[in-house]
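One structure is given here, and the rest of the page talks about it.
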Amino acid sequence: MTVNEIAKIVGGVVQGDGNTEITGMAPAVSAGQGDLTFAIDEAQMNAAEKSDALCVITALGTDGFSKTVLRVQDVKAALTAIYNLLPKAHIHEGGSVHQTAVIDETAVMGENVSVGAHSVVGRGARIGPGSDIGAGCVIGDNAAVGTLTRLYPGVIVYDRSVIGDNVIVHAGTVIGADGFGYVPKDGEILKVPQMGRVIIEDDVEIGANSCVDRGTFTDTVIGRGSKLDNLVQVAHNVRIGRNVLIAGQTGIAGSVTVGDNTMMGGQAGISDHINVGRNVRIAAKTGVTKDAKKEGTVLFGYPARDAKEYMKQVAFGTWLYKNAGRIRGLLKRFSDNTRGEK
Amino acid sequence: MTVNEIAKIVGGVVQGDGNTEITGMAPAVSAGQGDLTFAIDEAQMNAAEKSDALCVITALGTDGFSKTVLRVQDVKAALTAIYNLLPKAHIHEGGSVHQTAVIDETAVMGENVSVGAHSVVGRGARIGPGSDIGAGCVIGDNAAVGTLTRLYPGVIVYDRSVIGDNVIVHAGTVIGADGFGYVPKDGEILKVPQMGRVIIEDDVEIGANSCVDRGTFTDTVIGRGSKLDNLVQVAHNVRIGRNVLIAGQTGIAGSVTVGDNTMMGGQAGISDHINVGRNVRIAAKTGVTKDAKKEGTVLFGYPARDAKEYMKQVAFGTWLYKNAGRIRGLLKRFSDNTRGEK
Amino acid sequence: MTVNEIAKIVGGVVQGDGNTEITGMAPAVSAGQGDLTFAIDEAQMNAAEKSDALCVITALGTDGFSKTVLRVQDVKAALTAIYNLLPKAHIHEGGSVHQTAVIDETAVMGENVSVGAHSVVGRGARIGPGSDIGAGCVIGDNAAVGTLTRLYPGVIVYDRSVIGDNVIVHAGTVIGADGFGYVPKDGEILKVPQMGRVIIEDDVEIGANSCVDRGTFTDTVIGRGSKLDNLVQVAHNVRIGRNVLIAGQTGIAGSVTVGDNTMMGGQAGISDHINVGRNVRIAAKTGVTKDAKKEGTVLFGYPARDAKEYMKQVAFGTWLYKNAGRIRGLLKRFSDNTRGEK
C-alpha cells in the first residue's frame, strides 16, 4: 500500500511523497525499510526523523521534518485501521526454526513456520503455514496450531489442544491444563480425569499468564474473534461465544456458557454451570451467580444484579446511612409500640 | 485389571470379552494397546471404534460396535473410580532424560525418572523414582521432588523447596518465590530476606500459573491431599491442612493457617495472620478478615460473615430498597419530630 | 563487616569471636564460609551448629552452642537490616553464561553477567554488569536490563522493555506483553497495535507470574523502589510512582496513575484512567472507580469510598438488619398513612 492509499482510508493529509510503498509499521527505534512509524509527542518525532522509517503518522506540527508525513486527527484510530489492513506477515519473520528447538520427527510443520530457541514441539503436533512459535514454548503431543498464528515465548500448550488461524497467545499462558475436578470419598479426594480438549477458534487473542483448562470429557471452546486479557482463568467445559471481550483477572468457572459479543470487566467472576447470553455486559468485580440469558443485560455487584437496580439500591443504602439519626430517632420514639413485633 | 474386575467395582455391564486386560485409560485419539477409552456422545463412539483402545466405557447404545463395551450409568463417576484404581504409572512414560536437559552432576536422580527437553535440575537436587519432570522446568539447588510426582512443562521450583510423592503441578506454577515482605524505613523500603522453604506434602495437586511463596524464616506448607486450582496465590508462612480444596484465583495472605477439609470458592481471599478452622466453607469472592476457627463455619461476603446471616441481611437490604418509598414517606411525616436527634 | 560491626548496627550482643568477617547470609543448609545464618527455633539452632556458617543470629538460648552467636531481640528486624547492608553481590554468583544460553551476537553483555541454562537474549539487548538472568528466561530484542539486577527463571521480557538497576523479578513474570486494546467495528473486533514500552525503574521488585503490559504508544512505568507481589496485573500506559506497594492479585487497569508511597492490599482493583494520589491506602478487594487524588486517603469497598465512612455505613446496615423486626413493624403500623407516597 502507498501512503496515498493509506491516507484515503484513514482520512489523513499527505506531506511529501505519497507514492512511498508501506509494508509494515513499527516504533521508530525498530522501524526498518518499508515501515511507517508514529509520533504522539516531540520525542517520538525526533526519533522518527532519525529512524529508517519511510513515513511518520502524527497529529503534531512537522516543521522542518524531512520524511513523508501522514497527518491525521486521531493517531490511535489511524494506526488501528492501518494495523488491521496490513498483511499479518509484518509480525512474522518467516521460516526459521532455531537449531536448539526440539521438534519431534512426527510433527507436521507448515511452510514458513518460525520456532524460537529452546521450544519443544511434540509427537504428531501440527503447526500451520506462517505461524510463529516464540522461544521456550512447549507444544504438546498431537496439538494443532493453525495458520499465521503467533505464540509468544513461554506459552505451554498441552497435548491435543487445537489453536486456530490468526490467533495470538501472549507469554506464559497455559492452554489445556487439567480442570479442577475432584470427588471426595471416604476421607480422600479422588481426581476426576480430565480428558477433553481445548479448542481456540480463529482470530482469538489471549493475554499473558492466562489459563484455559481442557474439558473433562468434551471440549473447552473459545469462540472466533474473542479476546482475553492477562491472568484470566477459563475452567473446564466452558464454551465462550464469538467476539467476547474478557478483561484481566476475570475467572469463569466450570461448564459456563457465554454468548457472542458479551463483555466482562476486570476481576469479574462467573459461577459454575451459569449461562450468560449474548451482548451481556458484566461490570468489573461482579460475581455472576444466576443465569443471565437475556440479551443486553448489564450486571453489577455480588451477587450480581441488574446494574441500574443495583446502583439505585446502593444509593438508597447511602441515603439510609445519611438519615441514620432520624431513623434511629424514629425507632426510639415508637419502640414501645413496636416492641415484640420482631 | 480385567474389564470384568473393573465392571464389578464400578457397577457396570460387560458386552464382549470381559477378560480383556486393562492397563491404562486415554481418549480415543491417543489410546493405545491396553487402554480403556470412553464415549459420552456419538462422535466419541465413532472415534473409539476406530481407535486402538480395547474397551469403551459408555452410557450410550452400542449397536454394531465391535469392541468390548463396559456399560455404566454415570461415565464420569466410573472413570473417576477407574483412574484412581489404576497404577499411576499410566501417566508416566518412564525413564528418559532428554539430551538437552541440564542435570547438575550433584543431583540425585531416582530410577525411571523422566526429564523433558530443556529442563534444568540444580546442584544437590533430588528427584524420586518414577517422577516425570516436563519440558522447560527448572528445579532449583537442593530442591527435592518425591516419588511418582509429575511436574508439567514450565514449572519453576526455587532452591530448597520440598515436593512430596504423587504430587501433580501444572504448567507455569512457581514454587518457592520470595514472599512479599518489606519494612519501610527513612523513605526507603527495605526487603525482608525470605529464607524459609516450601513444603508440598504427598498427593497434592496444584493448577497452572499458581504461586506458593517460600516462608520468611520457617516453611510454607501445603498439607497432604490438598488441591489448588489455577492462578492461586499462597503467601509466605501459610500453613494449609490436609484435603483442602482451593478454587481458582483465590489468594491466601501471609501466615494464614487453614484446617483440614476446608473448601474455598474462586477469587476468595484471606487476610494475613488469620486462622481458619477445619471443614470451613468459604464462598467465592469472600474476603475473610477475622479468625474463623469453628468447624463447619460457612462464610460469605466481604468482610466475611456467617453465610446465612449475610444472605438474610442482603435480603433485608433488598426489602428496605423495595420499601424505599414508604420509608422516605415515614421519615418525611415524622421529620419535624425527629429532627435534631441525629 | 565483622560480627562486632553488625552487632552495633542491629543492637545485639556478641558471644564468641566478634572479629569474624561476614560476607553473606544464608539458611543453615546452604550457608558457606563467610555466611551468617539464623535460628528462630531449636531445629534451626541444631542445623546452624552443623552448618558451615560462621555465626548464628538468634533470640534463643545458646547453651552448648560452639559457634559465634549474635543475640538479638528481633531476628526478623536484625536480618532485614543486615540483608540491606551487605553488598548485593551475595545473591549473585558472578560471571558464568551457561553454554546452552542463546545470546545474539549483537547483544551487549556487561562484566560479570550470569545467564542460566536455556535462556535467550535477543538482538541488540543489553544486560548490565553483575546482573543475573535465571534459567529459561527470554530477553527480547533491544530490551535493556541494568546493573546488579536479578531475573529468576522463566521471566519473559518483550522487546524494547527497559529494566533498571538492582531490580528483582520473580519467576514466570511477563514484562511488556501487548495491552488489552480493541475497537469493535462492523461486527469485528480490531486490535489496537501496542507499540509503547515498559520502563521498570531501579530498586523495583516484582513477584512471580505477574504481568506488566507495554504502553500503547507511550510507556508503562513502574517507579523507583516500588514492590509488586505475585499475580499482579499492570495494564498498558499505567504510571506507578515511587515506593508503591502492591499486594498479590491486584489489578490496575489501563492509563491509571498512582502516586508515590501508595499501598494496595490484595485483590484490589483500579478502573481505567483513574488517578490515585500519594500515600493513599487501598484496602484488599477494594475497587477504585473514581479519582482519589487527596494525599492520605484510605479507601475500602466497591465502589470504593473513604474507609471510615464505608465501615460506618456497613455497621449501620448491620444495625438496621438487627432492628429488622421493629422496622417492619413500624412500616406495617403506618402503612396506610404512607401508602402511595413511593
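As shown in the C-alpha cells, the chain order sets the letters A, B, ...; within each chain, residues go from 1, and ligands are also counted from 1 in the order they appear.
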
Contact table chain B vs chain C, cut-off 8 Å, shortest pair per residue, only C-alpha atoms, as JSON lines:
{"residue": "B:Val102", "atom": "CA", "partner": "C:Ala117", "partner_atom": "CA", "distance": 7.3}
{"residue": "B:His118", "atom": "CA", "partner": "C:His118", "partner_atom": "CA", "distance": 6.4}
{"residue": "B:Val120", "atom": "CA", "partner": "C:Ala117", "partner_atom": "CA", "distance": 7.1}
{"residue": "B:Gly136", "atom": "CA", "partner": "C:Gly136", "partner_atom": "CA", "distance": 7.1}
{"residue": "B:Val138", "atom": "CA", "partner": "C:Ala135", "partner_atom": "CA", "distance": 7.1}
{"residue": "B:Gly154", "atom": "CA", "partner": "C:Gly154", "partner_atom": "CA", "distance": 7.6}
{"residue": "B:Ile156", "atom": "CA", "partner": "C:Ala171", "partner_atom": "CA", "distance": 6.9}
{"residue": "B:Gly172", "atom": "CA", "partner": "C:Gly172", "partner_atom": "CA", "distance": 6.8}
{"residue": "B:Thr173", "atom": "CA", "partner": "C:Gly172", "partner_atom": "CA", "distance": 8.0}
{"residue": "B:Val174", "atom": "CA", "partner": "C:Ala171", "partner_atom": "CA", "distance": 6.6}
{"residue": "B:Ala177", "atom": "CA", "partner": "C:His170", "partner_atom": "CA", "distance": 6.5}
{"residue": "B:Asp178", "atom": "CA", "partner": "C:Gly207", "partner_atom": "CA", "distance": 7.5}
{"residue": "B:Gly179", "atom": "CA", "partner": "C:Asp229", "partner_atom": "CA", "distance": 8.0}
{"residue": "B:Phe180", "atom": "CA", "partner": "C:Asp229", "partner_atom": "CA", "distance": 5.9}
{"residue": "B:Glu188", "atom": "CA", "partner": "C:Asn243", "partner_atom": "CA", "distance": 7.2}
{"residue": "B:Ile189", "atom": "CA", "partner": "C:Asn243", "partner_atom": "CA", "distance": 6.7}
{"residue": "B:Leu190", "atom": "CA", "partner": "C:Asn84", "partner_atom": "CA", "distance": 6.6}
{"residue": "B:Lys191", "atom": "CA", "partner": "C:Thr80", "partner_atom": "CA", "distance": 6.5}
{"residue": "B:Val192", "atom": "CA", "partner": "C:Thr80", "partner_atom": "CA", "distance": 4.8}
{"residue": "B:Pro193", "atom": "CA", "partner": "C:Thr80", "partner_atom": "CA", "distance": 6.1}
{"residue": "B:Met195", "atom": "CA", "partner": "C:Pro27", "partner_atom": "CA", "distance": 6.1}
{"residue": "B:Gly196", "atom": "CA", "partner": "C:Pro27", "partner_atom": "CA", "distance": 7.6}
{"residue": "B:Asn209", "atom": "CA", "partner": "C:Asn209", "partner_atom": "CA", "distance": 6.6}
{"residue": "B:Ser210", "atom": "CA", "partner": "C:Asn209", "partner_atom": "CA", "distance": 7.7}
{"residue": "B:Cys211", "atom": "CA", "partner": "C:Ala208", "partner_atom": "CA", "distance": 6.8}
{"residue": "B:Phe217", "atom": "CA", "partner": "C:Ile40", "partner_atom": "CA", "distance": 7.4}
{"residue": "B:Leu231", "atom": "CA", "partner": "C:Leu231", "partner_atom": "CA", "distance": 7.4}
{"residue": "B:Gln233", "atom": "CA", "partner": "C:Asn230", "partner_atom": "CA", "distance": 7.2}
{"residue": "B:Gln249", "atom": "CA", "partner": "C:Gln249", "partner_atom": "CA", "distance": 7.9}
{"residue": "B:Gly251", "atom": "CA", "partner": "C:Gln249", "partner_atom": "CA", "distance": 7.3}
{"residue": "B:Ala253", "atom": "CA", "partner": "C:Gly266", "partner_atom": "CA", "distance": 7.9}
{"residue": "B:Gly269", "atom": "CA", "partner": "C:Gln267", "partner_atom": "CA", "distance": 7.7}
{"residue": "B:Gly287", "atom": "CA", "partner": "C:Lys285", "partner_atom": "CA", "distance": 7.5}
{"residue": "B:Gln313", "atom": "CA", "partner": "C:Tyr321", "partner_atom": "CA", "distance": 5.9}
{"residue": "B:Phe316", "atom": "CA", "partner": "C:Tyr321", "partner_atom": "CA", "distance": 6.6}
{"residue": "B:Gly317", "atom": "CA", "partner": "C:Tyr321", "partner_atom": "CA", "distance": 7.7}
{"residue": "B:Asn323", "atom": "CA", "partner": "C:Lys342", "partner_atom": "CA", "distance": 7.8}
{"residue": "B:Ala324", "atom": "CA", "partner": "C:Lys342", "partner_atom": "CA", "distance": 6.9}
{"residue": "B:Gly325", "atom": "CA", "partner": "C:Lys342", "partner_atom": "CA", "distance": 3.4}
{"residue": "B:Arg326", "atom": "CA", "partner": "C:Lys342", "partner_atom": "CA", "distance": 5.7}
{"residue": "B:Ile327", "atom": "CA", "partner": "C:Leu331", "partner_atom": "CA", "distance": 7.3}
{"residue": "B:Arg328", "atom": "CA", "partner": "C:Lys342", "partner_atom": "CA", "distance": 7.7}
{"residue": "B:Gly329", "atom": "CA", "partner": "C:Thr338", "partner_atom": "CA", "distance": 5.7}
{"residue": "B:Leu330", "atom": "CA", "partner": "C:Thr338", "partner_atom": "CA", "distance": 6.3}

Which residues are close to B:Val258, i.e. within 7 Å by only C-alpha atoms, leaving aside same-chain residues fewer than 6 positions away? Reply as a list in words.
Arg239, Ile240, Gly241, Asn275, Val276 and Gly277 of chain B

Output all heavy atoms for every residue in the selection just made, as a JSON list (two decimals), in the first residue's frame.
[["chain", "number", "residue", "atom", "x", "y", "z"],
["B", 239, "ARG", "N", 0.14, -22.05, 56.31],
["B", 239, "ARG", "CA", 0.10, -23.49, 56.58],
["B", 239, "ARG", "C", -1.30, -24.00, 56.27],
["B", 239, "ARG", "O", -2.26, -23.69, 56.98],
["B", 239, "ARG", "CB", 0.47, -23.78, 58.04],
["B", 239, "ARG", "CG", 1.87, -23.26, 58.39],
["B", 239, "ARG", "CD", 2.29, -23.63, 59.79],
["B", 239, "ARG", "NE", 2.91, -24.93, 59.83],
["B", 239, "ARG", "CZ", 4.21, -25.15, 59.66],
["B", 239, "ARG", "NH1", 5.04, -24.14, 59.42],
["B", 239, "ARG", "NH2", 4.70, -26.36, 59.71],
["B", 240, "ILE", "N", -1.39, -24.77, 55.19],
["B", 240, "ILE", "CA", -2.67, -25.32, 54.76],
["B", 240, "ILE", "C", -2.73, -26.77, 55.17],
["B", 240, "ILE", "O", -1.77, -27.52, 54.98],
["B", 240, "ILE", "CB", -2.80, -25.16, 53.23],
["B", 240, "ILE", "CG1", -3.00, -23.67, 52.92],
["B", 240, "ILE", "CG2", -3.94, -26.00, 52.66],
["B", 240, "ILE", "CD1", -3.02, -23.33, 51.46],
["B", 241, "GLY", "N", -3.88, -27.18, 55.74],
["B", 241, "GLY", "CA", -4.03, -28.55, 56.24],
["B", 241, "GLY", "C", -4.22, -29.56, 55.13],
["B", 241, "GLY", "O", -3.86, -29.31, 53.98],
["B", 275, "ASN", "N", -6.66, -17.28, 61.15],
["B", 275, "ASN", "CA", -6.73, -18.72, 61.36],
["B", 275, "ASN", "C", -8.11, -19.22, 60.96],
["B", 275, "ASN", "O", -9.12, -18.81, 61.50],
["B", 275, "ASN", "CB", -6.48, -19.06, 62.83],
["B", 275, "ASN", "CG", -5.10, -18.59, 63.26],
["B", 275, "ASN", "OD1", -4.09, -19.09, 62.78],
["B", 275, "ASN", "ND2", -5.06, -17.57, 64.11],
["B", 276, "VAL", "N", -8.13, -20.13, 60.00],
["B", 276, "VAL", "CA", -9.37, -20.73, 59.52],
["B", 276, "VAL", "C", -9.37, -22.19, 59.96],
["B", 276, "VAL", "O", -8.37, -22.89, 59.81],
["B", 276, "VAL", "CB", -9.46, -20.64, 57.98],
["B", 276, "VAL", "CG1", -10.66, -21.40, 57.45],
["B", 276, "VAL", "CG2", -9.51, -19.18, 57.54],
["B", 277, "GLY", "N", -10.51, -22.63, 60.51],
["B", 277, "GLY", "CA", -10.58, -23.96, 61.10],
["B", 277, "GLY", "C", -10.80, -25.08, 60.09],
["B", 277, "GLY", "O", -10.64, -24.90, 58.88]]

Just the alpha helix (DSSP H) stuff from stretch 56-276 of chain A, please, per backbone DSSP, written as a PyMOL selection string.
chain A and resi 75-85

I need the chosen residues saved as a PDB file, in the first residue's frame, with C-alpha atoms.
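Result file again_18.pdb:
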ATOM      1  CA  VAL A  75      -3.268   8.721  15.645  1.00  0.00           C
ATOM      2  CA  LYS A  76      -4.645   5.782  17.618  1.00  0.00           C
ATOM      3  CA  ALA A  77      -7.636   5.310  15.319  1.00  0.00           C
ATOM      4  CA  ALA A  78      -5.464   5.664  12.239  1.00  0.00           C
ATOM      5  CA  LEU A  79      -2.841   3.174  13.429  1.00  0.00           C
ATOM      6  CA  THR A  80      -5.552   0.704  14.410  1.00  0.00           C
ATOM      7  CA  ALA A  81      -7.071   0.914  10.936  1.00  0.00           C
ATOM      8  CA  ILE A  82      -3.680   0.527   9.237  1.00  0.00           C
ATOM      9  CA  TYR A  83      -2.592  -2.354  11.505  1.00  0.00           C
ATOM     10  CA  ASN A  84      -5.709  -4.278  10.578  1.00  0.00           C
ATOM     11  CA  LEU A  85      -5.262  -3.574   6.857  1.00  0.00           C
TER      12      LEU A  85
END

Nearest to A:Glu201 by atom-to-atom distance, counting only C-alpha atoms, from A:Glu5, A:Asp165, A:Asp219, A:Glu105
A:Asp165

Determine, counting only C-alpha atoms, which protein, DNA and RNA residues have an atom within 10 Å of an atom of C:Ile103; residues of the same chain fewer than 5 positions away are not included. Present the result as a VMD selection string.
chain C and resid 97 108 to 109 115 118 to 125 139

Based on DSSP run over this structure's backbone, return all residues of stretch 114-256 of chain A in strand (DSSP E), as number ranges by chain.
A: 114-115, 120-121, 126-127, 132-133, 138-139, 144-145, 150-151, 156-157, 162-163, 168-169, 174-175, 182-185, 188-191, 197-200, 205-206, 211-212, 219-222, 227-228, 233-234, 239-240, 245-246, 251-252

Using only C-alpha atoms, which protein or nucleic acid residues come within 6 Å of A:Thr149? Drop anything in the same chain fewer than 6 positions from it, and give the result as a PyMOL selection string.
chain A and resi 131+165-168

Please save all heavy atoms of the selected residues as a PDB file, in the first residue's frame.
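The resulting result-v7.pdb:
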ATOM      1  N   SER A 131       3.048 -19.663  10.839  1.00  0.00           N
ATOM      2  CA  SER A 131       2.902 -19.427  12.280  1.00  0.00           C
ATOM      3  C   SER A 131       4.258 -19.238  12.932  1.00  0.00           C
ATOM      4  O   SER A 131       5.294 -19.663  12.419  1.00  0.00           O
ATOM      5  CB  SER A 131       2.121 -20.569  12.945  1.00  0.00           C
ATOM      6  OG  SER A 131       0.745 -20.400  12.672  1.00  0.00           O
ATOM      7  N   ASP A 165      -6.470 -20.232  13.324  1.00  0.00           N
ATOM      8  CA  ASP A 165      -5.685 -19.343  12.478  1.00  0.00           C
ATOM      9  C   ASP A 165      -5.694 -17.912  13.044  1.00  0.00           C
ATOM     10  O   ASP A 165      -6.677 -17.487  13.652  1.00  0.00           O
ATOM     11  CB  ASP A 165      -6.291 -19.279  11.070  1.00  0.00           C
ATOM     12  CG  ASP A 165      -6.327 -20.649  10.398  1.00  0.00           C
ATOM     13  OD1 ASP A 165      -5.573 -21.545  10.820  1.00  0.00           O
ATOM     14  OD2 ASP A 165      -7.132 -20.813   9.455  1.00  0.00           O
ATOM     15  N   ASN A 166      -4.625 -17.186  12.762  1.00  0.00           N
ATOM     16  CA  ASN A 166      -4.553 -15.776  13.169  1.00  0.00           C
ATOM     17  C   ASN A 166      -4.795 -15.575  14.658  1.00  0.00           C
ATOM     18  O   ASN A 166      -5.317 -14.554  15.088  1.00  0.00           O
ATOM     19  CB  ASN A 166      -5.575 -14.931  12.393  1.00  0.00           C
ATOM     20  CG  ASN A 166      -5.258 -14.878  10.925  1.00  0.00           C
ATOM     21  OD1 ASN A 166      -4.117 -14.621  10.555  1.00  0.00           O
ATOM     22  ND2 ASN A 166      -6.247 -15.156  10.097  1.00  0.00           N
ATOM     23  N   VAL A 167      -4.437 -16.556  15.446  1.00  0.00           N
ATOM     24  CA  VAL A 167      -4.567 -16.447  16.900  1.00  0.00           C
ATOM     25  C   VAL A 167      -3.286 -15.844  17.465  1.00  0.00           C
ATOM     26  O   VAL A 167      -2.198 -16.064  16.921  1.00  0.00           O
ATOM     27  CB  VAL A 167      -4.835 -17.839  17.517  1.00  0.00           C
ATOM     28  CG1 VAL A 167      -4.744 -17.812  19.036  1.00  0.00           C
ATOM     29  CG2 VAL A 167      -6.200 -18.361  17.061  1.00  0.00           C
ATOM     30  N   ILE A 168      -3.407 -15.053  18.523  1.00  0.00           N
ATOM     31  CA  ILE A 168      -2.233 -14.539  19.244  1.00  0.00           C
ATOM     32  C   ILE A 168      -2.347 -14.999  20.697  1.00  0.00           C
ATOM     33  O   ILE A 168      -3.382 -14.793  21.333  1.00  0.00           O
ATOM     34  CB  ILE A 168      -2.188 -12.997  19.214  1.00  0.00           C
ATOM     35  CG1 ILE A 168      -2.127 -12.480  17.771  1.00  0.00           C
ATOM     36  CG2 ILE A 168      -0.999 -12.474  20.016  1.00  0.00           C
ATOM     37  CD1 ILE A 168      -2.273 -10.948  17.653  1.00  0.00           C
TER      38      ILE A 168
END
